[in-house]
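This is my_file-v4.cif. It holds mmCIF, C-alpha atoms.
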```
data_upload
#
loop_
_atom_site.label_atom_id
_atom_site.label_comp_id
_atom_site.auth_asym_id
_atom_site.auth_seq_id
_atom_site.Cartn_x
_atom_site.Cartn_y
_atom_site.Cartn_z
CA MET H 1 -1.45 -2.49 8.79
CA HIS H 2 -2.73 0.17 6.37
CA VAL H 3 -5.09 3.02 7.18
CA HIS H 4 -5.16 6.71 6.16
CA THR H 5 -6.55 9.73 7.99
CA TRP H 6 -7.92 13.02 6.67
CA ARG H 7 -4.34 14.23 6.25
CA CYS H 8 -3.93 12.41 2.94
CA ARG H 9 -6.52 14.82 1.47
CA HIS H 10 -8.59 11.99 0.02
CA GLY H 11 -9.58 10.34 3.29
CA HIS H 12 -11.62 11.11 6.39
CA GLY H 13 -11.23 10.72 10.14
CA THR H 14 -8.65 11.41 12.81
CA ALA H 15 -6.22 8.93 14.34
CA ALA H 16 -8.32 8.79 17.49
CA GLU H 17 -11.45 7.98 15.47
CA TYR H 18 -9.64 5.15 13.70
CA VAL H 19 -8.48 3.66 17.00
CA LYS H 20 -12.05 3.70 18.32
CA ALA H 21 -13.31 2.04 15.13
CA ALA H 22 -10.61 -0.65 15.37
CA ALA H 23 -11.53 -1.34 19.00
CA ARG H 24 -15.19 -1.76 18.05
CA ARG H 25 -14.19 -4.09 15.23
CA GLY H 26 -12.13 -6.27 17.56
CA ILE H 27 -8.81 -5.45 15.90
CA SER H 28 -5.80 -5.85 18.17
CA VAL H 29 -3.13 -4.15 16.01
CA LEU H 30 -3.72 -1.02 13.94
CA GLY H 31 -1.05 0.42 11.64
CA PHE H 32 -1.30 3.98 10.34
CA ALA H 33 0.38 4.45 6.95
CA GLU H 34 -0.18 8.02 5.83
CA HIS H 35 1.17 8.99 2.41
CA LEU H 36 4.62 10.53 2.66
CA PRO H 37 4.64 14.11 1.31
CA LEU H 38 5.42 14.22 -2.40
CA PRO H 39 8.38 16.19 -3.80
CA GLU H 40 7.83 19.81 -4.77
CA GLU H 41 8.95 19.06 -8.32
CA LEU H 42 6.11 16.58 -8.76
CA LEU H 43 3.56 18.92 -7.17
CA THR H 44 4.61 21.70 -9.54
CA ARG H 45 4.41 19.44 -12.58
CA ASP H 46 1.13 17.82 -11.50
CA PRO H 47 -1.10 20.20 -9.50
CA GLN H 48 -3.65 17.41 -8.94
CA ALA H 49 -1.09 15.63 -6.78
CA VAL H 50 -1.88 17.92 -3.82
CA SER H 51 -4.84 15.61 -3.19
CA TYR H 52 -2.66 12.47 -3.07
CA ALA H 53 -0.64 13.06 0.11
CA MET H 54 -0.29 15.29 3.15
CA PRO H 55 1.77 18.48 2.75
CA GLY H 56 5.34 18.37 3.97
CA ALA H 57 4.62 20.80 6.80
CA GLU H 58 2.16 18.32 8.33
CA LEU H 59 4.52 15.38 8.63
CA PRO H 60 5.63 16.23 12.22
CA GLU H 61 1.98 16.77 13.19
CA TYR H 62 1.01 13.38 11.79
CA LEU H 63 3.82 11.60 13.62
CA ALA H 64 2.86 13.30 16.89
CA GLU H 65 -0.86 12.59 16.43
CA VAL H 66 -0.34 8.85 15.93
CA ARG H 67 2.05 8.64 18.88
CA VAL H 68 -0.54 10.32 21.12
CA ALA H 69 -3.21 7.92 19.82
CA ALA H 70 -0.88 4.98 20.54
CA GLU H 71 -0.32 6.11 24.14
CA SER H 72 -4.01 6.73 24.72
CA SER H 73 -4.99 3.36 23.26
CA ALA H 74 -2.41 1.52 25.36
CA ALA H 75 -3.61 3.28 28.51
CA SER H 76 -7.22 2.29 27.85
CA GLY H 77 -6.53 -1.31 26.84
CA GLY H 78 -7.26 -0.64 23.17
CA PRO H 79 -5.48 -1.83 20.03
CA ARG H 80 -1.72 -1.73 19.73
CA VAL H 81 -1.08 1.24 17.46
CA LEU H 82 1.83 1.27 15.02
CA LEU H 83 3.22 4.33 13.26
CA GLY H 84 3.95 3.92 9.57
CA LEU H 85 4.20 5.72 6.25
CA GLU H 86 3.26 4.79 2.70
CA VAL H 87 5.95 5.96 0.28
CA ASP H 88 5.81 6.31 -3.49
CA LEU H 89 8.68 4.35 -4.99
CA HIS H 90 8.21 5.08 -8.69
CA PRO H 91 11.56 5.44 -10.50
CA GLY H 92 13.30 8.71 -9.69
CA ASN H 93 11.52 9.25 -6.37
CA GLU H 94 13.76 7.01 -4.28
CA GLU H 95 16.16 9.72 -3.17
CA HIS H 96 13.29 11.97 -2.06
CA VAL H 97 11.91 9.09 0.02
CA ARG H 98 15.35 8.34 1.46
CA GLN H 99 15.84 11.96 2.51
CA MET H 100 12.35 12.28 4.00
CA LEU H 101 12.77 9.10 6.04
CA SER H 102 16.18 10.14 7.33
CA GLY H 103 16.01 10.88 11.05
CA ILE H 104 12.38 9.75 11.38
CA GLU H 105 11.53 6.81 13.62
CA VAL H 106 8.56 4.80 12.41
CA ASP H 107 7.44 1.23 12.93
CA PHE H 108 7.08 0.36 9.26
CA VAL H 109 7.25 1.66 5.72
CA LEU H 110 4.86 0.58 2.98
CA GLY H 111 6.22 0.94 -0.55
CA SER H 112 3.89 1.44 -3.49
CA VAL H 113 3.79 2.53 -7.12
CA HIS H 114 1.02 4.97 -8.09
CA TYR H 115 2.78 6.84 -10.90
CA ILE H 116 3.93 5.66 -14.32
CA ASP H 117 5.79 8.30 -16.33
CA GLY H 118 4.13 11.04 -14.28
CA TRP H 119 0.63 9.60 -14.68
CA ALA H 120 -1.34 8.66 -11.55
CA PHE H 121 -2.83 5.55 -13.13
CA ASP H 122 -5.02 4.58 -10.15
CA ASP H 123 -6.86 7.93 -10.01
CA PRO H 124 -10.43 7.29 -11.22
CA ASP H 125 -10.50 10.78 -12.77
CA ARG H 126 -7.45 10.09 -14.95
CA GLN H 127 -8.43 6.92 -16.72
CA ASP H 128 -7.96 8.58 -20.10
CA GLY H 129 -4.27 7.75 -19.66
CA TYR H 130 -5.01 4.09 -20.34
CA GLU H 131 -5.68 4.94 -23.98
CA ARG H 132 -1.98 5.75 -24.41
CA TRP H 133 -0.88 2.24 -23.44
CA SER H 134 -1.42 -1.28 -24.66
CA THR H 135 -2.50 -3.21 -21.59
CA ASP H 136 0.30 -5.75 -21.95
CA ALA H 137 2.92 -2.98 -22.11
CA LEU H 138 1.39 -1.22 -19.13
CA TRP H 139 1.52 -4.36 -16.98
CA GLU H 140 5.11 -5.03 -18.01
CA ARG H 141 6.12 -1.48 -17.09
CA TYR H 142 4.20 -1.50 -13.81
CA PHE H 143 5.79 -4.73 -12.60
CA ALA H 144 9.23 -3.57 -13.70
CA ASP H 145 8.76 -0.46 -11.53
CA LEU H 146 7.37 -2.55 -8.66
CA ILE H 147 10.40 -4.85 -8.79
CA ALA H 148 12.67 -1.81 -8.71
CA ALA H 149 10.71 -0.55 -5.70
CA VAL H 150 11.19 -3.72 -3.69
CA ARG H 151 14.86 -3.90 -4.65
CA SER H 152 15.42 -0.34 -3.40
CA GLY H 153 15.32 -1.69 0.16
CA LEU H 154 13.37 1.35 1.33
CA ALA H 155 10.14 -0.47 2.17
CA ASP H 156 9.37 -3.16 4.72
CA VAL H 157 6.16 -4.08 2.92
CA ILE H 158 4.98 -3.69 -0.68
CA ALA H 159 1.39 -2.43 -0.74
CA HIS H 160 -1.40 -3.52 -3.11
CA ALA H 161 1.07 -5.30 -5.37
CA ASP H 162 -1.15 -5.71 -8.46
CA LEU H 163 -2.80 -2.28 -8.24
CA VAL H 164 -2.55 -2.04 -12.03
CA LYS H 165 -5.68 -4.26 -12.27
CA LYS H 166 -7.81 -1.71 -10.38
CA PHE H 167 -9.95 -0.66 -13.38
CA CYS H 168 -10.13 -4.17 -14.88
CA ARG H 169 -7.54 -3.44 -17.57
CA LEU H 170 -6.19 -6.98 -17.84
CA PRO H 171 -3.40 -8.15 -20.13
CA ALA H 172 -4.05 -10.41 -23.08
CA ARG H 173 -1.17 -12.66 -22.12
CA ASP H 174 -0.86 -14.62 -18.88
CA PRO H 175 0.97 -12.46 -16.31
CA PHE H 176 2.68 -15.56 -14.84
CA GLU H 177 6.19 -14.35 -15.70
CA LEU H 178 5.52 -10.90 -14.23
CA TYR H 179 4.19 -12.42 -11.02
CA ALA H 180 7.11 -14.84 -10.76
CA ALA H 181 9.70 -12.08 -11.23
CA PHE H 182 8.09 -9.94 -8.55
CA ALA H 183 7.76 -12.85 -6.12
CA GLU H 184 11.46 -13.66 -6.59
CA ALA H 185 12.42 -10.02 -6.03
CA ALA H 186 10.35 -9.81 -2.83
CA ALA H 187 11.88 -13.03 -1.52
CA ASP H 188 15.41 -11.86 -2.34
CA ALA H 189 14.82 -8.49 -0.67
CA GLY H 190 13.34 -9.99 2.49
CA ALA H 191 10.28 -7.76 2.14
CA ALA H 192 6.71 -8.58 3.06
CA VAL H 193 3.78 -8.13 0.68
CA GLU H 194 0.42 -6.74 1.70
CA VAL H 195 -2.81 -8.66 1.29
CA SER H 196 -5.22 -5.76 0.81
CA THR H 197 -8.99 -5.96 0.86
CA ALA H 198 -9.19 -2.51 -0.76
CA GLY H 199 -9.47 -4.18 -4.16
CA LEU H 200 -12.85 -5.57 -3.15
CA ARG H 201 -14.13 -1.97 -2.99
CA LYS H 202 -12.77 -1.12 -6.45
CA PRO H 203 -13.94 -1.98 -9.99
CA CYS H 204 -11.70 -5.09 -10.08
CA ALA H 205 -13.64 -6.46 -7.06
CA GLU H 206 -10.69 -8.64 -6.08
CA ILE H 207 -8.20 -8.70 -3.23
CA TYR H 208 -4.72 -7.34 -3.97
CA PRO H 209 -2.82 -9.48 -4.90
CA SER H 210 -4.66 -12.04 -7.00
CA GLU H 211 -4.71 -15.59 -5.74
CA ALA H 212 -2.27 -16.69 -8.44
CA LEU H 213 0.31 -14.13 -7.30
CA LEU H 214 -0.40 -14.84 -3.64
CA ARG H 215 0.28 -18.52 -4.22
CA MET H 216 3.66 -17.69 -5.79
CA LEU H 217 4.55 -15.47 -2.84
CA HIS H 218 3.71 -18.33 -0.45
CA ASP H 219 5.75 -20.82 -2.45
CA ARG H 220 8.78 -18.51 -2.17
CA GLY H 221 8.35 -17.94 1.55
CA VAL H 222 7.41 -14.27 1.30
CA PRO H 223 5.70 -13.02 4.50
CA VAL H 224 2.45 -11.09 4.25
CA THR H 225 0.63 -8.34 6.11
CA ILE H 226 -3.12 -7.78 6.11
CA GLY H 227 -4.58 -4.34 5.39
CA SER H 228 -7.79 -2.60 4.44
CA ASP H 229 -6.22 0.59 2.99
CA ALA H 230 -9.04 2.30 4.87
CA HIS H 231 -9.70 5.94 4.00
CA ALA H 232 -12.49 6.30 6.55
CA PRO H 233 -12.94 4.79 10.04
CA SER H 234 -15.90 2.75 8.78
CA GLU H 235 -13.54 0.85 6.44
CA VAL H 236 -11.17 -0.36 9.16
CA GLY H 237 -10.92 -4.14 9.01
CA HIS H 238 -13.04 -4.29 5.86
CA ALA H 239 -13.46 -7.90 4.67
CA TYR H 240 -10.73 -9.06 7.05
CA GLU H 241 -12.16 -12.58 7.12
CA GLN H 242 -11.94 -12.81 3.33
CA ALA H 243 -8.25 -11.90 3.47
CA VAL H 244 -7.61 -14.66 5.99
CA GLU H 245 -9.54 -17.16 3.86
CA ALA H 246 -7.48 -16.20 0.78
CA LEU H 247 -4.27 -16.69 2.73
CA ARG H 248 -5.32 -20.09 4.03
CA ARG H 249 -6.33 -21.29 0.56
CA VAL H 250 -2.78 -20.85 -0.74
CA GLY H 251 -1.14 -22.33 2.35
CA TYR H 252 -0.35 -19.43 4.67
CA ARG H 253 -0.77 -20.15 8.37
CA SER H 254 0.55 -16.81 9.65
CA ALA H 255 0.88 -13.15 8.74
CA VAL H 256 3.23 -10.52 10.10
CA ILE H 257 3.07 -7.09 11.62
CA VAL H 258 6.06 -4.77 11.44
CA ALA H 259 7.06 -2.84 14.56
CA GLY H 260 10.33 -1.00 15.00
CA ARG H 261 11.12 -2.03 11.38
CA ARG H 262 11.11 -5.68 12.48
CA MET H 263 8.62 -8.37 11.52
CA GLU H 264 6.59 -10.16 14.16
CA GLU H 265 4.77 -13.33 13.12
CA VAL H 266 1.09 -13.70 14.03
CA SER H 267 -0.81 -16.96 13.67
CA LEU H 268 -3.92 -16.93 11.53
#
```

Can the structure from this file be put into structure tokens for me?
Amino acid sequence: MHVHTWRCRHGHGTAAEYVKAAARRGISVLGFAEHLPLPEELLTRDPQAVSYAMPGAELPEYLAEVRVAAESSAASGGPRVLLGLEVDLHPGNEEHVRQMLSGIEVDFVLGSVHYIDGWAFDDPDRQDGYERWSTDALWERYFADLIAAVRSGLADVIAHADLVKKFCRLPARDPFELYAAFAEAAADAGAAVEVSTAGLRKPCAEIYPSEALLRMLHDRGVPVTIGSDAHAPSEVGHAYEQAVEALRRVGYRSAVIVAGRRMEEVSL
């Protein structure tokens, strides 16, 4: 439920190549979630952002490409292909997302937070920004923004929920209260939360979200999706079995896919 093509400018592979990789891997449902184009104001203020998402002019091409891949895969007995978008829901960007989604038919929308006060905190080339924050304050701000994102109602699924741990910058205090507040917000909003194996490929070397947060999500009845956040066809389905094991450990017996903006439960 989370792969990116070359169009994001920091990934590789076409939609057709991803479908072939998923078929080889034995995956039955594949969800494309290309990054929604960023607003011109942000691109002007932060020139590096051109490498974070596809340009606005390519959005129709992306939608068409995935639809063609879906038809081709269905005709050949391949994976069920779902058309999605990953949208940045940092404060102030909600109206841009709302306008961009207006009139577009997709199967699902992933919501994520990559920016804090204009700083792309998960970019490995911009880690100097961490020196301007105490880690506790950064975590508090990140989860406040994530809670606002889920409450916006714009996303079906919240992606890589504890992304702030990516570079092993961990708070001195127990993040229990932050996790609990987010889990409550997700439950109240009726949103799903992604279990992403991408964290295993990052310095934190841990699935997003942590097991402690995942357990809270389960206890509050929050549904989950499974994703690799693949940026190359070779990463499709990465560590899928570990994601399933993590879910089972905390009590999950099913995950969901989202098609036509509706959740469909799938047994683990």

Could you state which residues are captured by the PyMOL selection byres ((chain H and resi 155) around 8) in this file, as a tab-separated table (two decimals) with C-alpha atoms, in the coordinates of the input?
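Contents of part06.tsv, as written:
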```tsv
chain	number	residue	atom	x	y	z
H	87	VAL	CA	5.95	5.96	0.28
H	108	PHE	CA	7.08	0.36	9.26
H	109	VAL	CA	7.25	1.66	5.72
H	110	LEU	CA	4.86	0.58	2.98
H	111	GLY	CA	6.22	0.94	-0.55
H	149	ALA	CA	10.71	-0.55	-5.70
H	150	VAL	CA	11.19	-3.72	-3.69
H	152	SER	CA	15.42	-0.34	-3.40
H	153	GLY	CA	15.32	-1.69	0.16
H	154	LEU	CA	13.37	1.35	1.33
H	156	ASP	CA	9.37	-3.16	4.72
H	157	VAL	CA	6.16	-4.08	2.92
H	158	ILE	CA	4.98	-3.69	-0.68
H	191	ALA	CA	10.28	-7.76	2.14
```

Next on the checklist: Going by the chain IDs and residue numbers used in this file, which residues fall under the PyMOL selection byres ((chain H and resi 254) around 8)? Write them as an NGL selection string.
Outcome noted: :H and (252-253 or 255-256 or 265-268)

Item to check | One-decimal distance in Å that lies between CA of His231 (chain H) and CA of Ile207 (chain H) | outcome: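 About the pair CA of Ile207 (chain H) and CA of His231 (chain H): they are 16.4 Å apart.
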
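Using only C-alpha atoms for every distance, the candidate list H:Glu206, H:Glu95, H:Glu264, H:Asp117 yields H:Glu206 as the residue closest to Gln242 (chain H).
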
Checklist entry - When you draw a straight line from CA of Asp125 (chain H) to CA of Arg9 (chain H), how long is it in Å? => result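 Between these atoms lies a distance of 15.3 Å.
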
Next on the checklist: Given the PyMOL selection byres ((chain H and resi 159) around 12) and the file above, list the residues it selects as a ChimeraX atom specification.
Outcome noted: /H:1-3,33,35,85-89,108-114,146,149-150,155-158,160-164,186,191-199,207-209,224-229

Checklist entry - In Å, with one decimal, what is the gap from CA of Phe167 (chain H) to CA of Lys202 (chain H)? => result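 Computing it gives 7.5 Å between the two atoms.
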
Checklist entry - Can you tell me, as number ranges by chain, what residues are no more than 10 Å from Asp219 (chain H) when counting all atoms listed in the file, ignoring any on the same chain fewer than 2 positions away? => result H: 183, 187, 213-217, 221-222, 250-252

Item to check | Residue among H:Val68, H:Ala120, H:His218, H:Ala230 lying closest to Pro47 (chain H), counting only C-alpha atoms | outcome: H:Ala120

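Each of H:Arg173, H:Arg261, H:Lys20, H:Arg151 was compared to Asp188 (chain H) using all atoms listed in the file, and H:Arg151 turns out to be the nearest.
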
Item to check | Among listed residues H:Val106, H:Ala148, H:Val19, H:Ala53, nearest Pro79 (chain H) (using only C-alpha atoms) | outcome: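 Checking each of H:Val106, H:Ala148, H:Val19, H:Ala53 against Pro79 (chain H), counting only C-alpha atoms, the winner is H:Val19.
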
Item to check | Option closest in space to Glu17 (chain H), from H:Ala185, H:Leu101, H:Ala69, H:Leu36 [counting all atoms listed in the file] | outcome: H:Ala69

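Checking H:Cys8, H:Ile104, H:Ala144, H:Ile27 one by one against Met54 (chain H), counting all atoms listed in the file, you find the shortest gap at H:Cys8.
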
Checklist entry - Excluding same-chain residues fewer than 6 positions from Leu178 (chain H), what lies within 9 Å of it counting all atoms listed in the file, as JSON, numbers by chain? => result {"H": [139, 140, 143, 144]}

Checklist entry - Which neighbours of Glu105 (chain H) fall inside 12 Å, counting only C-alpha atoms, when residues of the same chain fewer than 4 positions from it are skipped, and could you give them as a list in words? => result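 In the requested format, the answer is Pro60, Leu63, Ala64, Arg67, Leu82, Leu83, Gly84, Leu85, Met100, Leu101, Val109, Ala259, Gly260 and Arg261 of chain H.
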
What lies within 6 Å of Val81 (chain H) using all atoms listed in the file, ignoring chain neighbours under 2 positions off, as a PDB file with C-alpha atoms, in the coordinates of the input?
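That gives us result23.pdb:
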```pdb
ATOM      1  CA  VAL H  29      -3.130  -4.150  16.010  1.00  0.00           C
ATOM      2  CA  LEU H  30      -3.720  -1.020  13.940  1.00  0.00           C
ATOM      3  CA  GLY H  31      -1.050   0.420  11.640  1.00  0.00           C
ATOM      4  CA  ALA H  70      -0.880   4.980  20.540  1.00  0.00           C
ATOM      5  CA  PRO H  79      -5.480  -1.830  20.030  1.00  0.00           C
TER       6      PRO H  79
END
```

Next on the checklist: If we count only C-alpha atoms and set the cut-off at 9 Å, which residues sit around Ile116 (chain H), ignoring sequence neighbours fewer than 6 positions away in its own chain? Please answer as a ChimeraX atom specification.
Outcome noted: /H:90-91,138,141-142,145

Checklist entry - Do you know which residues lie at most 12 Å from (-4.0, 14.6, -2.1), with coordinates as in the file and all atoms listed in the file counted, and could you write them as a ChimeraX atom specification? => result /H:4-12,34-38,43,46-56,120,123

Print the selection's residues with C-alpha atoms to a file, as a PDB file, keeping the file's coordinate frame.
```pdb
ATOM      1  CA  HIS H   4      -5.160   6.710   6.160  1.00  0.00           C
ATOM      2  CA  THR H   5      -6.550   9.730   7.990  1.00  0.00           C
ATOM      3  CA  TRP H   6      -7.920  13.020   6.670  1.00  0.00           C
ATOM      4  CA  ARG H   7      -4.340  14.230   6.250  1.00  0.00           C
ATOM      5  CA  CYS H   8      -3.930  12.410   2.940  1.00  0.00           C
ATOM      6  CA  ARG H   9      -6.520  14.820   1.470  1.00  0.00           C
ATOM      7  CA  HIS H  10      -8.590  11.990   0.020  1.00  0.00           C
ATOM      8  CA  GLY H  11      -9.580  10.340   3.290  1.00  0.00           C
ATOM      9  CA  HIS H  12     -11.620  11.110   6.390  1.00  0.00           C
ATOM     10  CA  GLU H  34      -0.180   8.020   5.830  1.00  0.00           C
ATOM     11  CA  HIS H  35       1.170   8.990   2.410  1.00  0.00           C
ATOM     12  CA  LEU H  36       4.620  10.530   2.660  1.00  0.00           C
ATOM     13  CA  PRO H  37       4.640  14.110   1.310  1.00  0.00           C
ATOM     14  CA  LEU H  38       5.420  14.220  -2.400  1.00  0.00           C
ATOM     15  CA  LEU H  43       3.560  18.920  -7.170  1.00  0.00           C
ATOM     16  CA  ASP H  46       1.130  17.820 -11.500  1.00  0.00           C
ATOM     17  CA  PRO H  47      -1.100  20.200  -9.500  1.00  0.00           C
ATOM     18  CA  GLN H  48      -3.650  17.410  -8.940  1.00  0.00           C
ATOM     19  CA  ALA H  49      -1.090  15.630  -6.780  1.00  0.00           C
ATOM     20  CA  VAL H  50      -1.880  17.920  -3.820  1.00  0.00           C
ATOM     21  CA  SER H  51      -4.840  15.610  -3.190  1.00  0.00           C
ATOM     22  CA  TYR H  52      -2.660  12.470  -3.070  1.00  0.00           C
ATOM     23  CA  ALA H  53      -0.640  13.060   0.110  1.00  0.00           C
ATOM     24  CA  MET H  54      -0.290  15.290   3.150  1.00  0.00           C
ATOM     25  CA  PRO H  55       1.770  18.480   2.750  1.00  0.00           C
ATOM     26  CA  GLY H  56       5.340  18.370   3.970  1.00  0.00           C
ATOM     27  CA  ALA H 120      -1.340   8.660 -11.550  1.00  0.00           C
ATOM     28  CA  ASP H 123      -6.860   7.930 -10.010  1.00  0.00           C
TER      29      ASP H 123
END
```

Need a file for region 103-122 of chain H from that block: N, CA and C atoms, written as a PDB file, in the first residue's frame.
```pdb
ATOM      1  N   GLY H 103     -11.738  16.821  -7.411  1.00  0.00           N
ATOM      2  CA  GLY H 103     -11.993  16.364  -8.773  1.00  0.00           C
ATOM      3  C   GLY H 103     -11.155  15.188  -9.218  1.00  0.00           C
ATOM      4  N   ILE H 104     -10.264  14.704  -8.352  1.00  0.00           N
ATOM      5  CA  ILE H 104      -9.415  13.553  -8.688  1.00  0.00           C
ATOM      6  C   ILE H 104      -9.978  12.305  -8.021  1.00  0.00           C
ATOM      7  N   GLU H 105     -10.107  11.240  -8.766  1.00  0.00           N
ATOM      8  CA  GLU H 105     -10.570   9.974  -8.197  1.00  0.00           C
ATOM      9  C   GLU H 105      -9.382   9.057  -7.956  1.00  0.00           C
ATOM     10  N   VAL H 106      -9.138   8.760  -6.691  1.00  0.00           N
ATOM     11  CA  VAL H 106      -8.071   7.825  -6.332  1.00  0.00           C
ATOM     12  C   VAL H 106      -8.649   6.800  -5.367  1.00  0.00           C
ATOM     13  N   ASP H 107      -7.915   5.709  -5.186  1.00  0.00           N
ATOM     14  CA  ASP H 107      -8.362   4.682  -4.252  1.00  0.00           C
ATOM     15  C   ASP H 107      -8.079   5.048  -2.809  1.00  0.00           C
ATOM     16  N   PHE H 108      -6.950   5.713  -2.578  1.00  0.00           N
ATOM     17  CA  PHE H 108      -6.588   6.025  -1.196  1.00  0.00           C
ATOM     18  C   PHE H 108      -5.642   7.216  -1.149  1.00  0.00           C
ATOM     19  N   VAL H 109      -5.606   7.836   0.022  1.00  0.00           N
ATOM     20  CA  VAL H 109      -4.708   8.958   0.283  1.00  0.00           C
ATOM     21  C   VAL H 109      -3.918   8.657   1.547  1.00  0.00           C
ATOM     22  N   LEU H 110      -2.600   8.676   1.426  1.00  0.00           N
ATOM     23  CA  LEU H 110      -1.714   8.568   2.586  1.00  0.00           C
ATOM     24  C   LEU H 110      -1.379   9.982   3.052  1.00  0.00           C
ATOM     25  N   GLY H 111      -1.485  10.225   4.337  1.00  0.00           N
ATOM     26  CA  GLY H 111      -1.097  11.520   4.897  1.00  0.00           C
ATOM     27  C   GLY H 111       0.199  11.379   5.670  1.00  0.00           C
ATOM     28  N   SER H 112       1.089  12.354   5.502  1.00  0.00           N
ATOM     29  CA  SER H 112       2.367  12.282   6.203  1.00  0.00           C
ATOM     30  C   SER H 112       2.864  13.681   6.548  1.00  0.00           C
ATOM     31  N   VAL H 113       3.814  13.730   7.470  1.00  0.00           N
ATOM     32  CA  VAL H 113       4.459  14.982   7.857  1.00  0.00           C
ATOM     33  C   VAL H 113       5.956  14.832   7.618  1.00  0.00           C
ATOM     34  N   HIS H 114       6.470  15.610   6.663  1.00  0.00           N
ATOM     35  CA  HIS H 114       7.905  15.616   6.357  1.00  0.00           C
ATOM     36  C   HIS H 114       8.559  16.950   6.691  1.00  0.00           C
ATOM     37  N   TYR H 115       7.757  17.971   6.913  1.00  0.00           N
ATOM     38  CA  TYR H 115       8.266  19.320   7.154  1.00  0.00           C
ATOM     39  C   TYR H 115       7.895  19.797   8.547  1.00  0.00           C
ATOM     40  N   ILE H 116       8.840  20.422   9.224  1.00  0.00           N
ATOM     41  CA  ILE H 116       8.581  21.121  10.476  1.00  0.00           C
ATOM     42  C   ILE H 116       9.158  22.527  10.337  1.00  0.00           C
ATOM     43  N   ASP H 117       8.284  23.513  10.366  1.00  0.00           N
ATOM     44  CA  ASP H 117       8.698  24.914  10.187  1.00  0.00           C
ATOM     45  C   ASP H 117       9.571  25.091   8.944  1.00  0.00           C
ATOM     46  N   GLY H 118       9.163  24.457   7.841  1.00  0.00           N
ATOM     47  CA  GLY H 118       9.883  24.607   6.590  1.00  0.00           C
ATOM     48  C   GLY H 118      11.139  23.774   6.459  1.00  0.00           C
ATOM     49  N   TRP H 119      11.419  22.936   7.429  1.00  0.00           N
ATOM     50  CA  TRP H 119      12.611  22.081   7.417  1.00  0.00           C
ATOM     51  C   TRP H 119      12.209  20.638   7.129  1.00  0.00           C
ATOM     52  N   ALA H 120      12.794  20.068   6.065  1.00  0.00           N
ATOM     53  CA  ALA H 120      12.538  18.674   5.704  1.00  0.00           C
ATOM     54  C   ALA H 120      13.397  17.787   6.600  1.00  0.00           C
ATOM     55  N   PHE H 121      12.852  17.453   7.768  1.00  0.00           N
ATOM     56  CA  PHE H 121      13.660  16.819   8.817  1.00  0.00           C
ATOM     57  C   PHE H 121      14.091  15.399   8.487  1.00  0.00           C
ATOM     58  N   ASP H 122      13.448  14.743   7.498  1.00  0.00           N
ATOM     59  CA  ASP H 122      13.833  13.357   7.198  1.00  0.00           C
ATOM     60  C   ASP H 122      14.812  13.271   6.032  1.00  0.00           C
TER      61      ASP H 122
END
```
